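Pasting my_file_2.cif here (mmCIF, C-alpha atoms):
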data_final
#
loop_
_atom_site.group_PDB
_atom_site.id
_atom_site.type_symbol
_atom_site.label_atom_id
_atom_site.label_comp_id
_atom_site.auth_asym_id
_atom_site.auth_seq_id
_atom_site.Cartn_x
_atom_site.Cartn_y
_atom_site.Cartn_z
ATOM 1 C CA MET H 83 0.000 0.000 0.000
ATOM 2 C CA ARG H 84 1.289 3.466 -0.866
ATOM 3 C CA ALA H 85 -0.322 6.689 0.322
ATOM 4 C CA LEU H 86 0.554 10.271 -0.482
ATOM 5 C CA GLU H 87 -1.464 11.615 2.433
ATOM 6 C CA PRO H 88 -0.662 10.157 5.886
ATOM 7 C CA TRP H 89 -4.216 10.561 7.260
ATOM 8 C CA VAL H 90 -5.429 8.024 4.699
ATOM 9 C CA GLU H 91 -3.010 5.252 5.705
ATOM 10 C CA GLU H 92 -4.657 3.763 8.782
ATOM 11 C CA PRO H 93 -8.260 3.667 7.485
ATOM 12 C CA LEU H 94 -7.052 2.226 4.181
ATOM 13 C CA MET H 95 -4.909 -0.434 5.884
ATOM 14 C CA THR H 96 -7.903 -1.490 7.971
ATOM 15 C CA PHE H 97 -10.090 -1.614 4.878
ATOM 16 C CA LEU H 98 -7.553 -3.723 2.992
ATOM 17 C CA SER H 99 -7.118 -6.246 5.789
ATOM 18 C CA GLU H 100 -10.856 -6.581 6.479
ATOM 19 C CA SER H 101 -12.184 -6.570 2.927
ATOM 20 C CA GLU H 102 -9.403 -8.615 1.287
ATOM 21 C CA ALA H 103 -9.618 -6.355 -1.756
ATOM 22 C CA ARG H 104 -7.003 -7.073 -4.398
ATOM 23 C CA LEU H 105 -6.625 -3.574 -5.864
ATOM 24 C CA THR H 106 -7.654 -0.265 -4.379
ATOM 25 C CA LEU H 107 -7.274 3.247 -5.662
ATOM 26 C CA LEU H 108 -8.253 6.385 -3.773
ATOM 27 C CA MET H 109 -8.158 9.601 -5.762
ATOM 28 C CA THR H 110 -9.601 13.078 -5.832
ATOM 29 C CA SER H 111 -12.055 14.026 -8.530
ATOM 30 C CA ALA H 112 -9.292 16.333 -9.791
ATOM 31 C CA GLY H 113 -7.234 13.274 -10.692
ATOM 32 C CA GLN H 114 -4.728 13.278 -7.840
ATOM 33 C CA VAL H 115 -4.073 9.757 -6.612
ATOM 34 C CA VAL H 116 -4.253 9.826 -2.807
ATOM 35 C CA ALA H 117 -3.363 6.184 -2.182
ATOM 36 C CA GLN H 118 -3.158 2.881 -3.960
ATOM 37 C CA HIS H 119 -2.790 -0.790 -3.159
ATOM 38 C CA GLY H 120 -1.971 -3.632 -5.515
ATOM 39 C CA PHE H 121 -0.975 -1.680 -8.622
ATOM 40 C CA THR H 122 2.602 -2.206 -9.746
ATOM 41 C CA ARG H 123 2.763 0.080 -12.772
ATOM 42 C CA ALA H 124 2.013 3.795 -13.028
ATOM 43 C CA VAL H 125 0.353 3.254 -16.390
ATOM 44 C CA ASP H 126 -2.231 0.915 -14.808
ATOM 45 C CA ILE H 127 -3.096 3.505 -12.173
ATOM 46 C CA MET H 128 -3.365 6.148 -14.865
ATOM 47 C CA ALA H 129 -5.847 4.031 -16.818
ATOM 48 C CA ALA H 130 -7.836 3.017 -13.724
ATOM 49 C CA ALA H 131 -7.991 6.602 -12.418
ATOM 50 C CA ALA H 132 -9.095 8.036 -15.732
ATOM 51 C CA LEU H 133 -11.653 5.309 -16.396
ATOM 52 C CA GLY H 134 -13.011 5.363 -12.846
ATOM 53 C CA ALA H 135 -13.489 9.126 -12.923
ATOM 54 C CA ALA H 136 -15.105 8.905 -16.360
ATOM 55 C CA ILE H 137 -17.507 6.149 -15.299
ATOM 56 C CA LEU H 138 -18.612 8.111 -12.232
ATOM 57 C CA SER H 139 -19.089 11.244 -14.321
ATOM 58 C CA SER H 140 -21.226 9.266 -16.759
ATOM 59 C CA THR H 141 -23.442 7.852 -14.016
ATOM 60 C CA GLU H 142 -23.831 11.291 -12.472
ATOM 61 C CA GLU H 143 -24.926 12.689 -15.816
ATOM 62 C CA MET H 144 -27.313 9.767 -16.216
ATOM 63 C CA ALA H 145 -28.785 10.527 -12.783
ATOM 64 C CA ARG H 146 -29.164 14.170 -13.791
ATOM 65 C CA VAL H 147 -30.987 13.224 -17.004
ATOM 66 C CA LEU H 148 -33.255 10.842 -15.068
ATOM 67 C CA GLY H 149 -33.913 13.568 -12.497
ATOM 68 C CA VAL H 150 -32.741 11.451 -9.578
ATOM 69 C CA ARG H 151 -30.024 11.996 -6.968
ATOM 70 C CA PRO H 152 -26.518 10.960 -8.068
ATOM 71 C CA PHE H 153 -25.780 7.258 -7.660
ATOM 72 C CA ARG H 154 -23.603 6.656 -4.624
ATOM 73 C CA ALA H 155 -21.818 3.556 -5.828
ATOM 74 C CA LEU H 156 -21.486 1.404 -8.893
ATOM 75 C CA THR H 157 -20.535 -2.247 -9.060
ATOM 76 C CA HIS H 158 -19.619 -4.629 -11.822
ATOM 77 C CA GLN H 159 -19.610 -8.350 -11.205
ATOM 78 C CA GLY H 160 -17.298 -10.308 -13.467
ATOM 79 C CA GLN H 161 -16.531 -14.035 -13.727
ATOM 80 C CA SER H 162 -13.471 -13.923 -11.503
ATOM 81 C CA HIS H 163 -13.356 -10.339 -10.239
ATOM 82 C CA GLY H 164 -15.756 -7.634 -9.177
ATOM 83 C CA VAL H 165 -15.310 -3.873 -9.349
ATOM 84 C CA PHE H 166 -16.746 -1.452 -6.784
ATOM 85 C CA LEU H 167 -16.625 2.257 -7.535
ATOM 86 C CA SER H 168 -17.862 4.940 -5.163
ATOM 87 C CA ALA H 169 -17.527 8.673 -4.582
ATOM 88 C CA PHE H 170 -17.825 10.429 -1.244
ATOM 89 C CA GLU H 171 -17.492 13.971 0.053
ATOM 90 C CA THR H 172 -14.865 14.987 2.592
ATOM 91 C CA PRO H 173 -14.032 18.421 4.034
ATOM 92 C CA ARG H 174 -11.063 18.434 1.620
ATOM 93 C CA GLY H 175 -13.200 17.731 -1.411
ATOM 94 C CA ARG H 176 -14.596 14.767 -3.192
ATOM 95 C CA LEU H 177 -12.754 11.439 -3.167
ATOM 96 C CA LEU H 178 -13.306 8.474 -5.471
ATOM 97 C CA GLY H 179 -12.622 4.899 -4.452
ATOM 98 C CA LEU H 180 -12.058 2.086 -6.918
ATOM 99 C CA VAL H 181 -11.846 -1.437 -5.522
ATOM 100 C CA VAL H 182 -11.217 -4.694 -7.380
ATOM 101 C CA TYR H 183 -12.011 -7.856 -5.432
ATOM 102 C CA GLY H 184 -11.938 -11.580 -6.100
ATOM 103 C CA HIS H 185 -13.805 -14.709 -5.003
ATOM 104 C CA ASP H 186 -12.142 -14.705 -1.592
ATOM 105 C CA THR H 187 -14.442 -11.865 -0.515
ATOM 106 C CA SER H 188 -17.818 -10.486 -1.582
ATOM 107 C CA LEU H 189 -19.505 -7.285 -2.634
ATOM 108 C CA GLY H 190 -21.317 -7.091 0.715
ATOM 109 C CA VAL H 191 -18.067 -7.287 2.668
ATOM 110 C CA VAL H 192 -16.301 -4.781 0.391
ATOM 111 C CA LYS H 193 -19.229 -2.360 0.640
ATOM 112 C CA LEU H 194 -19.467 -2.760 4.424
ATOM 113 C CA PHE H 195 -15.779 -2.044 5.063
ATOM 114 C CA PHE H 196 -15.608 0.664 2.406
ATOM 115 C CA ASP H 197 -18.368 2.534 4.265
ATOM 116 C CA ARG H 198 -16.442 2.067 7.518
ATOM 117 C CA MET H 199 -13.277 3.350 5.843
ATOM 118 C CA VAL H 200 -15.168 6.460 4.724
ATOM 119 C CA ASP H 201 -16.302 7.029 8.341
ATOM 120 C CA ASP H 202 -12.699 6.606 9.554
ATOM 121 C CA LEU H 203 -11.403 8.982 6.877
ATOM 122 C CA MET H 204 -13.911 11.607 8.019
ATOM 123 C CA VAL H 205 -12.470 11.340 11.527
ATOM 124 C CA ASN H 206 -8.854 11.547 10.313
ATOM 125 C CA VAL H 207 -9.181 14.176 7.597
ATOM 126 C CA PRO H 208 -7.231 17.369 8.354
ATOM 127 C CA LEU H 209 -9.490 20.361 8.025
ATOM 128 C CA GLU H 210 -6.878 22.602 6.435
ATOM 129 C CA GLY H 211 -6.196 22.076 2.735
ATOM 130 C CA ARG H 212 -7.759 23.049 -0.460
ATOM 131 C CA LYS H 213 -10.678 21.859 -2.507
ATOM 132 C CA THR H 214 -9.505 21.497 -6.081
ATOM 133 C CA GLN H 215 -11.641 22.609 -8.952
ATOM 134 C CA VAL H 216 -12.024 19.857 -11.532
ATOM 135 C CA LEU H 217 -10.857 20.912 -14.948
ATOM 136 C CA ALA H 218 -9.764 18.649 -17.782
ATOM 137 C CA GLU H 219 -6.240 20.091 -17.856
ATOM 138 C CA ASN H 220 -5.972 19.865 -14.031
ATOM 139 C CA PHE H 221 -6.982 16.221 -14.086
ATOM 140 C CA GLU H 222 -4.061 15.177 -16.277
ATOM 141 C CA ASN H 223 -1.528 17.336 -14.429
ATOM 142 C CA GLU H 224 -2.675 16.203 -10.981
ATOM 143 C CA LEU H 225 -2.676 12.579 -12.070
ATOM 144 C CA HIS H 226 0.858 12.764 -13.478
ATOM 145 C CA SER H 227 2.260 14.584 -10.438
ATOM 146 C CA SER H 228 0.714 12.100 -7.992
ATOM 147 C CA LEU H 229 2.022 9.159 -10.040
ATOM 148 C CA ARG H 230 5.508 10.685 -9.984
ATOM 149 C CA ALA H 231 5.247 10.972 -6.202
ATOM 150 C CA LEU H 232 3.958 7.418 -5.800
ATOM 151 C CA PHE H 233 6.430 5.740 -8.128
ATOM 152 C CA GLY H 234 9.324 8.143 -7.725
ATOM 153 C CA ARG H 235 9.775 9.064 -11.363
ATOM 154 C CA MET U 217 -41.105 -13.626 -4.754
ATOM 155 C CA THR U 218 -39.988 -10.872 -2.376
ATOM 156 C CA GLU U 219 -43.502 -10.857 -0.875
ATOM 157 C CA THR U 220 -43.239 -14.615 -0.168
ATOM 158 C CA TYR U 221 -39.877 -13.999 1.483
ATOM 159 C CA ARG U 222 -41.270 -11.159 3.550
ATOM 160 C CA GLU U 223 -44.214 -13.225 4.854
ATOM 161 C CA SER U 224 -41.878 -16.070 5.863
ATOM 162 C CA LEU U 225 -39.419 -13.685 7.510
ATOM 163 C CA GLU U 226 -42.152 -11.908 9.442
ATOM 164 C CA GLY U 227 -43.413 -15.296 10.649
ATOM 165 C CA LEU U 228 -39.921 -16.191 11.883
ATOM 166 C CA SER U 229 -39.448 -12.786 13.533
ATOM 167 C CA ARG U 230 -42.528 -13.369 15.667
ATOM 168 C CA LEU U 231 -40.893 -16.341 17.418
ATOM 169 C CA ARG U 232 -39.739 -15.690 20.983
ATOM 170 C CA GLY U 233 -36.172 -14.410 21.221
ATOM 171 C CA ILE U 234 -35.741 -13.750 17.505
ATOM 172 C CA THR U 235 -34.743 -10.167 16.753
ATOM 173 C CA GLY U 236 -34.319 -10.426 13.014
ATOM 174 C CA ALA U 237 -34.631 -12.637 9.954
ATOM 175 C CA MET U 238 -33.109 -12.008 6.528
ATOM 176 C CA MET U 239 -32.834 -13.550 3.094
ATOM 177 C CA VAL U 240 -29.349 -12.844 1.796
ATOM 178 C CA SER U 241 -27.587 -13.407 -1.501
ATOM 179 C CA ALA U 242 -25.024 -16.140 -0.764
ATOM 180 C CA ASP U 243 -22.322 -14.925 -3.157
ATOM 181 C CA ASP U 244 -22.632 -11.183 -2.586
ATOM 182 C CA GLY U 245 -23.728 -11.048 1.045
ATOM 183 C CA LEU U 246 -26.364 -8.484 0.121
ATOM 184 C CA VAL U 247 -29.806 -8.351 1.748
ATOM 185 C CA VAL U 248 -32.652 -9.625 -0.469
ATOM 186 C CA ALA U 249 -35.458 -9.250 2.091
ATOM 187 C CA GLU U 250 -35.474 -8.582 5.822
ATOM 188 C CA SER U 251 -37.598 -8.328 8.907
ATOM 189 C CA LEU U 252 -35.431 -6.808 11.624
ATOM 190 C CA MET U 253 -35.962 -5.115 14.947
ATOM 191 C CA GLU U 254 -34.845 -1.505 15.046
ATOM 192 C CA GLY U 255 -31.146 -0.966 15.629
ATOM 193 C CA ILE U 256 -29.914 -4.228 14.100
ATOM 194 C CA PRO U 257 -27.296 -3.526 11.409
ATOM 195 C CA GLY U 258 -28.786 -5.869 8.810
ATOM 196 C CA GLU U 259 -26.339 -5.090 6.003
ATOM 197 C CA ALA U 260 -23.314 -5.753 8.200
ATOM 198 C CA VAL U 261 -24.715 -9.006 9.598
ATOM 199 C CA ALA U 262 -25.695 -10.154 6.087
ATOM 200 C CA ALA U 263 -22.260 -9.457 4.599
ATOM 201 C CA LEU U 264 -20.324 -11.059 7.456
ATOM 202 C CA ALA U 265 -22.612 -14.077 7.931
ATOM 203 C CA ALA U 266 -22.530 -14.853 4.192
ATOM 204 C CA SER U 267 -18.741 -14.547 4.239
ATOM 205 C CA LEU U 268 -18.548 -16.867 7.259
ATOM 206 C CA MET U 269 -20.859 -19.416 5.619
ATOM 207 C CA ARG U 270 -18.726 -19.372 2.474
ATOM 208 C CA ARG U 271 -15.562 -19.991 4.491
ATOM 209 C CA MET U 272 -17.277 -22.729 6.475
ATOM 210 C CA GLY U 273 -18.234 -24.307 3.159
ATOM 211 C CA THR U 274 -14.602 -24.239 2.037
ATOM 212 C CA ALA U 275 -13.436 -25.796 5.320
ATOM 213 C CA VAL U 276 -16.121 -28.491 5.344
ATOM 214 C CA SER U 277 -15.473 -29.353 1.687
ATOM 215 C CA ALA U 278 -11.742 -29.622 2.410
ATOM 216 C CA ALA U 279 -12.565 -32.099 5.173
ATOM 217 C CA GLY U 280 -14.408 -34.209 2.590
ATOM 218 C CA PHE U 281 -17.979 -33.485 3.702
ATOM 219 C CA ALA U 282 -20.860 -31.989 1.780
ATOM 220 C CA LEU U 283 -21.592 -28.272 2.054
ATOM 221 C CA PRO U 284 -22.941 -27.122 5.422
ATOM 222 C CA SER U 285 -26.714 -27.417 5.794
ATOM 223 C CA PHE U 286 -27.000 -25.445 9.016
ATOM 224 C CA MET U 287 -24.723 -23.052 10.882
ATOM 225 C CA HIS U 288 -25.230 -22.054 14.508
ATOM 226 C CA LEU U 289 -22.954 -19.428 15.986
ATOM 227 C CA GLN U 290 -23.501 -18.982 19.719
ATOM 228 C CA ALA U 291 -22.347 -15.769 21.365
ATOM 229 C CA ALA U 292 -22.543 -14.601 24.977
ATOM 230 C CA VAL U 293 -25.848 -12.777 24.576
ATOM 231 C CA GLY U 294 -27.295 -14.159 21.370
ATOM 232 C CA ALA U 295 -27.063 -16.533 18.460
ATOM 233 C CA LEU U 296 -26.778 -16.412 14.695
ATOM 234 C CA LEU U 297 -28.415 -19.182 12.668
ATOM 235 C CA VAL U 298 -27.848 -19.655 8.936
ATOM 236 C CA VAL U 299 -29.502 -22.118 6.536
ATOM 237 C CA PRO U 300 -28.937 -22.304 2.761
ATOM 238 C CA ALA U 301 -32.219 -21.507 0.994
ATOM 239 C CA GLY U 302 -31.495 -22.734 -2.511
ATOM 240 C CA PRO U 303 -28.204 -22.451 -4.381
ATOM 241 C CA ASP U 304 -27.945 -18.654 -4.275
ATOM 242 C CA THR U 305 -29.551 -17.500 -1.043
ATOM 243 C CA LEU U 306 -29.199 -17.891 2.698
ATOM 244 C CA LEU U 307 -31.809 -17.599 5.419
ATOM 245 C CA ILE U 308 -30.268 -15.858 8.439
ATOM 246 C CA ILE U 309 -31.803 -15.492 11.870
ATOM 247 C CA ILE U 310 -30.521 -13.334 14.719
ATOM 248 C CA GLY U 311 -31.651 -14.352 18.185
ATOM 249 C CA ASP U 312 -31.130 -13.026 21.679
ATOM 250 C CA GLN U 313 -30.452 -15.119 24.802
ATOM 251 C CA ASN U 314 -34.144 -16.138 24.980
ATOM 252 C CA VAL U 315 -34.281 -17.807 21.577
ATOM 253 C CA ASN U 316 -35.482 -21.423 21.490
ATOM 254 C CA LEU U 317 -32.827 -22.855 19.177
ATOM 255 C CA GLY U 318 -34.619 -26.129 18.459
ATOM 256 C CA LEU U 319 -37.838 -24.413 17.485
ATOM 257 C CA ALA U 320 -35.999 -21.766 15.487
ATOM 258 C CA ARG U 321 -34.169 -24.465 13.545
ATOM 259 C CA ILE U 322 -37.393 -26.346 12.681
ATOM 260 C CA GLU U 323 -39.152 -23.128 11.669
ATOM 261 C CA MET U 324 -36.200 -22.091 9.501
ATOM 262 C CA LEU U 325 -36.127 -25.416 7.634
ATOM 263 C CA GLN U 326 -39.906 -25.235 7.109
ATOM 264 C CA ALA U 327 -39.628 -21.660 5.855
ATOM 265 C CA VAL U 328 -36.943 -22.706 3.360
ATOM 266 C CA GLU U 329 -39.215 -25.494 2.067
ATOM 267 C CA GLN U 330 -42.106 -23.045 1.660
ATOM 268 C CA MET U 331 -39.938 -20.544 -0.194
ATOM 269 C CA ALA U 332 -38.508 -23.172 -2.573
#
Can you give me the file's structure in the form of structure tokens?
Amino acid sequence: MRALEPWVEEPLMTFLSESEARLTLLMTSAGQVVAQHGFTRAVDIMAAAALGAAILSSTEEMARVLGVRPFRALTHQGQSHGVFLSAFETPRGRLLGLVVYGHDTSLGVVKLFFDRMVDDLMVNVPLEGRKTQVLAENFENELHSSLRALFGR
Amino acid sequence: MTETYRESLEGLSRLRGITGAMMVSADDGLVVAESLMEGIPGEAVAALAASLMRRMGTAVSAAGFALPSFMHLQAAVGALLVVPAGPDTLLIIIGDQNVNLGLARIEMLQAVEQMA
């Protein structure tokens, strides 16, 4: 597990050990990767971050068109893996969580401990800091700078 | 189908000492239908009980037995009972210290037959 923000570490470690998730990515909606677990290549994180953000944006637009409140989470159940994608508000702005899990756990367990992680993050989050405005050019810059910090290049 | 589940669950919930009954998706651990007393965290119990049942199944299979047909978890002030209700669902009952385990077990097996 690698985290760029120390306040994320403990809640994320607890989530990982309880949920048995295989891959986890926490990022801001501006594209900055806050923490990751299980990814070994920066290019994979880049793809997952961009696709995750795009999928959530699409579902939010769909909710807007349907005239309902934005969907809180989205799941995809595959043959061998499942994907859980959720956005939540914090005092430091919106965070997105992307979790990939296998047969050794379940959607219910992932969802349960993800919600607990969000509660723990709310307790740990430092109140100072900025909310970043989401712009297309910011997304790419923030993503690249956080990947450089995570992978040291 | 959900209405049939609900009627069966409400019948089980009326038994002495039972504080909640749920139908849960076995693979996902998500609640399909529930009849719970206020304050019981149904989603958490469903997710963890389904996970436990799956692990019990793995352990029992490794020992060379068939899949578990009944799980009884006794705690200091209550009990958790789980019965497979078909290939994809579980019937879960939460009881306090006053639950009559024998009766609860019979009623659960009858409810599963009715729901099949």
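The interatomic distance for the pair atom CA of H:Gly113 and atom CA of H:Glu222 works out to 6.7 Å.
Restricting the calculation to only C-alpha atoms, the smallest distance between H:Phe195 and any of U:Ala292, U:Ala278, U:Val298, U:Leu264 is found for U:Leu264.
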Which residues, written as a JSON list (two decimals) with C-alpha atoms, in the coordinates of the input, have at least one atom at most 10 Å from U:Leu231, with only C-alpha atoms counted and residues fewer than 6 positions away on the same chain left out?
[["chain", "number", "residue", "atom", "x", "y", "z"],
["U", 311, "GLY", "CA", -31.65, -14.35, 18.18],
["U", 315, "VAL", "CA", -34.28, -17.81, 21.58],
["U", 316, "ASN", "CA", -35.48, -21.42, 21.49],
["U", 319, "LEU", "CA", -37.84, -24.41, 17.48],
["U", 320, "ALA", "CA", -36.00, -21.77, 15.49],
["U", 323, "GLU", "CA", -39.15, -23.13, 11.67]]
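For the residues U:Met253, U:Ala301, U:Ala291, U:Val276, ranking by smallest atom-to-atom distance to U:Met239 using all atoms listed in the file places U:Ala301 first.
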_Residue IDs satisfying the PyMOL selection byres ((chain U) within 12 of (chain H)), as a ChimeraX atom specification_ = /U:240-248,257-271,274
*Counting all atoms listed in the file, note down every residue that has an atom within 12 Å of the point (-41.0, -7.8, -3.3) (file coordinates), as a PyMOL selection string.*
chain U and resi 217-223+239+248-250
*Fewer than 3 positions away in the same chain doesn't count, so skip those; otherwise give me all residues within 8 Å of stretch 160-169 of chain H, counting only C-alpha atoms, as JSON, numbers by chain.*
{"H": [134, 138, 154, 155, 156, 157, 176, 177, 178, 179, 180, 181, 182, 183, 184, 185, 189, 192, 193]}
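Within 12 Å of H:Phe97, once all atoms listed in the file are used and residues closer than 5 positions along the same chain are dropped, the contacting residues are Met83, Val90, Glu91, Glu92, Glu102, Ala103, Arg104, Leu105, Thr106, Leu107, Leu108, His119, Gly179, Val181, Val191, Val192, Lys193, Leu194, Phe195, Phe196, Asp197, Arg198, Met199, Val200, Asp201, Asp202 and Leu203 of chain H.
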Dump as a compact mmCIF listing (two decimals), in the frame of the given file, selection limited to C-alpha atoms:
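Just written: selection-v6.txt:
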# COMPACT_ATOMS: atom_id res chain seq x y z
CA MET H 83 0.00 0.00 0.00
CA VAL H 90 -5.43 8.02 4.70
CA GLU H 91 -3.01 5.25 5.70
CA GLU H 92 -4.66 3.76 8.78
CA GLU H 102 -9.40 -8.62 1.29
CA ALA H 103 -9.62 -6.36 -1.76
CA ARG H 104 -7.00 -7.07 -4.40
CA LEU H 105 -6.62 -3.57 -5.86
CA THR H 106 -7.65 -0.26 -4.38
CA LEU H 107 -7.27 3.25 -5.66
CA LEU H 108 -8.25 6.38 -3.77
CA HIS H 119 -2.79 -0.79 -3.16
CA GLY H 179 -12.62 4.90 -4.45
CA VAL H 181 -11.85 -1.44 -5.52
CA VAL H 191 -18.07 -7.29 2.67
CA VAL H 192 -16.30 -4.78 0.39
CA LYS H 193 -19.23 -2.36 0.64
CA LEU H 194 -19.47 -2.76 4.42
CA PHE H 195 -15.78 -2.04 5.06
CA PHE H 196 -15.61 0.66 2.41
CA ASP H 197 -18.37 2.53 4.26
CA ARG H 198 -16.44 2.07 7.52
CA MET H 199 -13.28 3.35 5.84
CA VAL H 200 -15.17 6.46 4.72
CA ASP H 201 -16.30 7.03 8.34
CA ASP H 202 -12.70 6.61 9.55
CA LEU H 203 -11.40 8.98 6.88
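Take atom CA of U:Gly294 and atom CA of U:Ile310: the distance between them is 7.4 Å.
Coordinates place atom CA of H:His158 at a distance of 29.9 Å from atom CA of U:Leu296.
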*Neighbours of H:Ser227 within 9 Å (only C-alpha atoms; same-chain residues fewer than 4 positions away dropped), as a ChimeraX atom specification?*
/H:114-115,222-223,231-232
Give the centre and edge lengths of an axis-aligned box, in Å to one decimal, that holds all listed atoms of stretch 274-292 of chain U with 5 Å on each side, as AutoDock Vina command-line options.
--center_x -19.4 --center_y -24.4 --center_z 13.3 --size_x 25.3 --size_y 29.6 --size_z 33.3
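Selection by the PyMOL selection byres ((chain U and resi 307) around 9) on the present file picks out Leu225, Ala237, Met238, Met239, Val240, Leu297, Val298, Val299, Pro300, Ala301, Thr305, Leu306, Ile308, Ile309, Met324, Ala327 and Val328 of chain U.
Selection result for the displayed file, with the PyMOL selection byres ((chain U and resi 283) around 6) as criterion, is Gly273, Ala282 and Pro284 of chain U.
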_H:Leu229 surroundings by all atoms listed in the file, 8 Å radius, close-in-sequence under 3 positions cut, as a PyMOL selection string_ = chain H and resi 115+124+127-128+225-226+232-235
